[in-house]
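So the structure is just underneath, and the comments pick up after that.
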Amino acid sequence: MEYKKLVLSGILTLGIVMGSVGYAAAQNVSYKVQSGDTFWLIAQKYGISTATLMKANNATSATILYPGNILTVPLPDQTATYTVVSGDTYWTISQKFGVSFAKLLQVNNATDKSWLNIGDKVIIPQASGASTTSAPTSTSKPYITYKDYTVKAGDTVWSIANNYNIPMTDFMSANNFTASTWLTIGQVVKIPVHNIPIKPTPGDQYGEYLDWWTEAQYVVPMNSVFEVVDFYTGKSFFAKRTTGSNHADCETLTPQDTKKMKDIWGGTLSWERRPVIIKINGRKIAASCASMPHAGNDAAPGGSYTTWRSGDYGPGDNLDWVKGNGIDGVFDIHFLNSTRHVDGQIDPEHQANIKIAAGIK
């Protein structure tokens with residue numbers, strides 16, 4: 001992954017909800033020229049005049065920019081900067097300050113693959129009509145951006161979707177593919193990236209109330225690892241989403257996590273539904289969980305056909321990919337509007353629990 005660190009100086013730090021924001025005058029940052037850049041485009045990214053940018057780099061109308069050139073960018077007075085804390089990403093920072101994700105990446109000379117380290121300084125572009133002295137919560141709707149991928153030998157529609165942890169139907173729709181579509185080596189395809197804004201909650205103890213179909217399944221994607229926190233007791237364990245389309249089918253990571261899950265359910269594994277908070281990538285999502293594992297065989301390879309599966313599911317595809325964790329199969333985690341796999345219907349008890357975890361009466 002690409003790593004980039006900004007070096008900024010003279011920052012006056014002010015308190016903010018998580019991290020810190022400051023304002024500095026007469027700072028300079030470095031910018032690496034990208035293909036297609038001009039002095040005018042770069043100046044627009046940083047909110048300065050073309051003349052100011054050219055003067056700072058001793059450039060004239062005859063100066064040619066080449067990809068890879070490093071320019072000095074004098075930032076305008078009162079430019080806001082933010083100090084990165086644990087769990088921050090460019091996306092979550094953009095939502096904290098109510099600024100465009102694309103604009104935030106631009107002014108920090110970053111991409112959607114850039115890492116942030118705790119303590120890094122990030123430039124916060126001014127949001128129209130918004131103050132950067134507080135952390136406003138976005139109320140915008142989910143939206144999709146795209147990135148390109150070049151098909152390699154051995155790639156299939158399924159394998160590409162699986163590698164990017166997105167539903168195969170999403171990938172096919174983004175590229176107007178059908179079941180009969182063939183991929184060719186060197187073909188450039190689009191990978192949909194679902195951007196889900198952070199939603200407000202009534203208090204810190206609650207989770208975001210995210211719709212499964214348009215929001216939650218992308219915040220908690222396939223193969224993601226997260227912490228499950230019982231809403232009533234505060235006890236928690238770690239789990240992984242390994243399958244599931246109508247809701248999240250998950251597995252504990254270790255025997256210790258299975259023991260912690262059993263403790264929450266009174267020392268046993270149960271179909272009892274409990275309100276939970278899912279902690280992932282610095283976010284907290286309202287959910288409901290049952291701890292009973294089913295449809296799996298820990299002794300057989302995940303995804304393979306097996307003659308025995310837990311929960312009286314009988315022979316079939318083995319829904320058990322995490323081995324040695326002390327359970328056979330997966331357990332259910334539901335989110336707003338998710339449905340049961342058995343009949344495609346909403347489970348009222350799960351939905352009631354999700355409202356509890358979201359603080360919704």
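For the structure tokens, the naming scheme is as follows: chains receive sequential letters (A, B, ...) according to their order of presentation, residues are indexed from 1 within each chain, and ligands are indexed from 1 in presentation order.
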
Residues near region 218-224 of chain A, cut-off 12 Å, only C-alpha atoms, skip fewer than 4 positions along chain, as a PyMOL selection string
chain A and resi 91-92+142-144+161-168+170+192-198+208-214+228+238-245+247-253+278-287+321-322+333-335

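Residues in contact with Thr38 (chain A) at up to 10 Å, not including ones fewer than 6 positions away on its chain and judged by only C-alpha atoms, are Gln44, Thr50, Ile64, Leu65 and Tyr66 of chain A.
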
Those residues you just picked out, can you put them in a file as a compact mmCIF listing (two decimals), in the first residue's frame with C-alpha atoms?
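Saved as out22.txt:
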# COMPACT_ATOMS: atom_id res chain seq x y z
CA GLN A 44 -7.64 25.11 -7.31
CA THR A 50 -2.12 30.23 -9.79
CA ILE A 64 6.32 22.45 -18.03
CA LEU A 65 5.08 20.11 -15.30
CA TYR A 66 5.99 16.43 -15.46

Which residues, written as a count of residues only, have at least one atom at most 10 Å from Val276 (chain A), with only C-alpha atoms counted and residues fewer than 4 positions away on the same chain left out?
26

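With only C-alpha atoms as the atoms that count, the residue of A:Ala295, A:Met261, A:Val189, A:Ala174 with the shortest distance to Phe237 (chain A) is A:Met261.
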
Two-atom distance - CA of Asn69 (chain A), CA of Ala110 (chain A) (Å):
15.3 Å

Skipping near chain neighbours, those fewer than 3 positions away, what residues fall within 10 Å of Asn318 (chain A) using only C-alpha atoms, listed as a list in words?
His294, Ala295, Gly296, Asn297, Asp298, Ala299, Ala300, Pro301, Gly302, Gly303, Ser304, Tyr305, Thr306, Thr307, Trp308, Arg309, Ser310, Pro315, Trp321, Asp328, Gly329 and Val330 of chain A

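Compared by their closest atoms to Lys262 (chain A), and using only C-alpha atoms, the residues A:Ile123, A:Gly326, A:Asp312, A:Gly203 rank with A:Gly326 nearest.
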
Using DSSP assignments from the backbone, pull out every residue in region 77-130 of chain A that falls under helix (DSSP H, G or I) and give it to me as a ChimeraX atom specification.
/A:90-97,101-107

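You will find CA of Ser86 (chain A) at 5.9 Å from CA of Ile118 (chain A).
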
One decimal, Å: what's the distance from CA of Ser49 (chain A) over to CA of Leu104 (chain A), could you say?
18.7 Å

Backbone-only DSSP, strand (DSSP E or B) members of region 124-273 of chain A, as a ChimeraX atom specification:
/A:124,143-150,188-195,208,211,225-230,236-243,248-252
